[in-house]
Amino acid sequence: FTLVLVAGSLCWWRGLREHSLWWSAGAGMFLGASTLIRPIALYLPVVLVPVGLILQDIRWPTRLLRSGVFLLAFALPVGGWIARNYALTGVPIFTTVESINLVNFRAAGAMAEEEHISVEEAQRRLSETLKGRTREGMNRGQISRLEASLAFETFAQYPWGTVVTFMQGVGRLLAGPGRAELLRLLGAPRPTTIETGLHAVLVGMETVVLGLIMFGAVLGGYRLLRSRRYIELVAVFIFIFYFVAMSAGLEAYSRFRAPITPYFALLAGCAFAS
């Protein structure tokens with residue numbers, strides 16, 4: 001996923017710099033294809049198209065044409081998959097994973113935070129509510145719509161819990177060292193516990209590398225801002241902003257940082273190369 005995402009973002013940037021329809025089409029195809037790997041990229045055009053229109057220094061008809069080519073290319077893989085799901089379920093839906101995550105993690109986390117109950121209890125309550133709304137014979141696509149509706153109702157009912165769990169997710173996503181993931185790769189029987197000196201050294205090295213990347217990203221962003229290279233800064237930051245906003249929640253942890261680590265590394269490169 002990260003490979004296709006970065007390829008698409010590079011095409012998008014080249015399209016901005018060179019005012020090229022071909023690069024814009026390539027960006028749309030790569031980013032559209034990335035949604036078939038992980039649907040989290042589905043709403044990228046919502047932020048990329050307005051930002052692209054603002055950043056381009058060409059006539060508005062040409063800006064609109066480039067954006068249209070990008071959207072058309074993006075819509076080919078996405079629209080094809082939606083058409084396939086519509087043929088199967090009668091519902092024009094891209095994926096059911098989104099609604100499952102919304103109700104079982106985001107909504108349940110918000111409820112648990114404000115009601116001072118366990119996440120498991122919040123999930124049980126939401127599941128009971130969903131069962132009461134589900135009619136016999138509904139397919140997965142129709143149930144997915146009910147899940148999304150219930151999730152947004154819960155966000156409206158528990159706004160403070162929604163904000164708190166979102167901010168907690170941001171912290172885990174950006175600052176979580178990824179210790180458990182590393183120990184699991186090393187074959188540790190209990191990935192939440194450091195049991196050997198070698199594991200302690202490797203976890204320490206991982207933490208240092210993460211710290212250097214994040215420090216470098218902040219410094220690089222500051223230097224780009226100070227040198228008034230706003231276009232470069234926005235072009236990188238927009239991807240970081242999007243994936244943090246879309247990923248942060250009860251379910252967020254360090255693995256969700258993987259798609260945006262190359263963008264932090266780009267900012268760090270600007271810092272250390274200056």
# chains A, B, ... in the order shown; residues from 1 in each chain; ligands from 1
>>> residues_around(residues="Phe155 in chain A", least_positions_apart="3", cutoff="12 Å", atoms="only C-alpha atoms", output="compact mmCIF listing (two decimals) with C-alpha atoms, in the first residue's frame")
# COMPACT_ATOMS: atom_id res chain seq x y z
CA LEU A 102 -16.54 3.42 12.70
CA VAL A 103 -19.07 1.68 14.90
CA PHE A 105 -13.90 1.41 17.42
CA ARG A 106 -14.55 5.12 16.89
CA ALA A 107 -18.16 5.16 18.14
CA ALA A 108 -17.57 2.57 20.86
CA GLY A 109 -14.53 4.51 22.08
CA ALA A 110 -16.48 7.77 22.26
CA MET A 111 -19.31 6.12 24.20
CA ALA A 112 -16.92 4.36 26.57
CA GLU A 113 -15.07 7.61 27.29
CA GLU A 114 -18.16 9.61 28.25
CA ALA A 148 -22.32 4.09 9.47
CA SER A 149 -25.56 5.85 10.46
CA LEU A 150 -25.34 4.51 14.02
CA ALA A 151 -21.69 5.57 14.29
CA PHE A 152 -22.41 9.18 13.31
CA TYR A 158 -20.84 11.88 22.60
CA PRO A 159 -18.85 14.77 21.06
CA TRP A 160 -16.38 15.07 23.96
CA GLY A 161 -15.64 11.35 23.90
CA THR A 162 -15.13 11.57 20.14
CA VAL A 163 -12.57 14.37 20.52
CA VAL A 164 -10.72 12.72 23.42
CA THR A 165 -10.38 9.32 21.74
CA PHE A 166 -9.30 11.03 18.52
>>> residues_around(residues="range 40-47 of chain A", least_positions_apart="5", cutoff="12 Å", atoms="only C-alpha atoms", output="PyMOL selection string")
chain A and resi 1-2+4-6+8-9+12+24+27-35+52-54+67-75+77-79+81-82+93-99+101+234-235+237-248+256+259-260
>>> write_last_selection(atoms="C-alpha atoms", output="mmCIF file, in the first residue's frame")
data_model
loop_
_atom_site.group_PDB
_atom_site.id
_atom_site.type_symbol
_atom_site.label_atom_id
_atom_site.label_comp_id
_atom_site.auth_asym_id
_atom_site.auth_seq_id
_atom_site.Cartn_x
_atom_site.Cartn_y
_atom_site.Cartn_z
ATOM 1 C CA PHE A 1 0.000 0.000 0.000
ATOM 2 C CA THR A 2 2.708 2.486 0.981
ATOM 3 C CA VAL A 4 1.551 2.627 -4.429
ATOM 4 C CA LEU A 5 0.598 5.598 -2.242
ATOM 5 C CA VAL A 6 4.032 7.210 -2.491
ATOM 6 C CA GLY A 8 0.756 8.319 -6.584
ATOM 7 C CA SER A 9 1.823 11.273 -4.445
ATOM 8 C CA TRP A 12 0.586 14.279 -8.122
ATOM 9 C CA SER A 24 -2.148 13.959 -13.144
ATOM 10 C CA ALA A 27 -1.541 10.166 -9.844
ATOM 11 C CA GLY A 28 -5.226 9.352 -10.137
ATOM 12 C CA MET A 29 -4.557 5.784 -11.272
ATOM 13 C CA PHE A 30 -1.997 5.048 -8.545
ATOM 14 C CA LEU A 31 -4.024 6.614 -5.741
ATOM 15 C CA GLY A 32 -7.223 5.022 -7.012
ATOM 16 C CA ALA A 33 -5.495 1.634 -7.113
ATOM 17 C CA SER A 34 -4.236 2.164 -3.557
ATOM 18 C CA THR A 35 -7.841 2.215 -2.313
ATOM 19 C CA GLY A 52 -4.036 21.316 -6.141
ATOM 20 C CA LEU A 53 -6.310 24.046 -7.482
ATOM 21 C CA ILE A 54 -4.834 26.551 -5.026
ATOM 22 C CA SER A 67 -8.188 18.233 -11.671
ATOM 23 C CA GLY A 68 -10.809 16.633 -13.904
ATOM 24 C CA VAL A 69 -8.245 14.274 -15.440
ATOM 25 C CA PHE A 70 -7.024 13.339 -11.958
ATOM 26 C CA LEU A 71 -10.561 12.618 -10.746
ATOM 27 C CA LEU A 72 -11.421 10.612 -13.854
ATOM 28 C CA ALA A 73 -8.337 8.434 -13.498
ATOM 29 C CA PHE A 74 -9.024 7.986 -9.781
ATOM 30 C CA ALA A 75 -12.641 7.055 -10.479
ATOM 31 C CA PRO A 77 -10.600 1.634 -10.243
ATOM 32 C CA VAL A 78 -12.818 3.050 -7.502
ATOM 33 C CA GLY A 79 -15.931 3.225 -9.671
ATOM 34 C CA TRP A 81 -15.231 -1.698 -7.530
ATOM 35 C CA ILE A 82 -18.345 0.219 -6.472
ATOM 36 C CA ILE A 93 -20.803 0.969 -1.590
ATOM 37 C CA PHE A 94 -17.034 0.767 -1.835
ATOM 38 C CA THR A 95 -16.251 -1.224 1.315
ATOM 39 C CA THR A 96 -17.880 -2.464 4.514
ATOM 40 C CA VAL A 97 -14.657 -2.210 6.544
ATOM 41 C CA GLU A 98 -15.114 1.532 7.011
ATOM 42 C CA SER A 99 -18.488 1.244 8.733
ATOM 43 C CA ASN A 101 -14.363 0.354 12.149
ATOM 44 C CA VAL A 234 1.901 21.822 1.852
ATOM 45 C CA ALA A 235 2.430 19.080 -0.745
ATOM 46 C CA PHE A 237 2.035 17.890 4.901
ATOM 47 C CA ILE A 238 -1.329 17.314 3.212
ATOM 48 C CA PHE A 239 -0.707 13.552 3.071
ATOM 49 C CA ILE A 240 0.405 13.462 6.718
ATOM 50 C CA PHE A 241 -2.640 15.473 7.770
ATOM 51 C CA TYR A 242 -5.036 13.282 5.812
ATOM 52 C CA PHE A 243 -3.818 9.941 7.133
ATOM 53 C CA VAL A 244 -3.535 11.127 10.719
ATOM 54 C CA ALA A 245 -7.070 12.515 10.568
ATOM 55 C CA MET A 246 -8.426 9.331 8.996
ATOM 56 C CA SER A 247 -6.495 6.858 11.163
ATOM 57 C CA ALA A 248 -6.557 8.414 14.637
ATOM 58 C CA PHE A 256 -0.920 3.011 11.184
ATOM 59 C CA PRO A 259 2.015 4.885 5.175
ATOM 60 C CA ILE A 260 3.083 8.371 6.286
#
>>> closest_residue(among="A:Ala252, A:Leu88, A:Leu16, A:Leu212", to="Gly269 in chain A", atoms="only C-alpha atoms")
A:Leu212
>>> closest_residue(among="A:Arg38, A:Val201, A:Pro262, A:Thr62", to="His19 in chain A", atoms="only C-alpha atoms")
A:Thr62
>>> closest_residue(among="A:Leu186, A:Met167, A:Ala175, A:Leu126", to="Leu202 in chain A", atoms="only C-alpha atoms")
A:Leu186
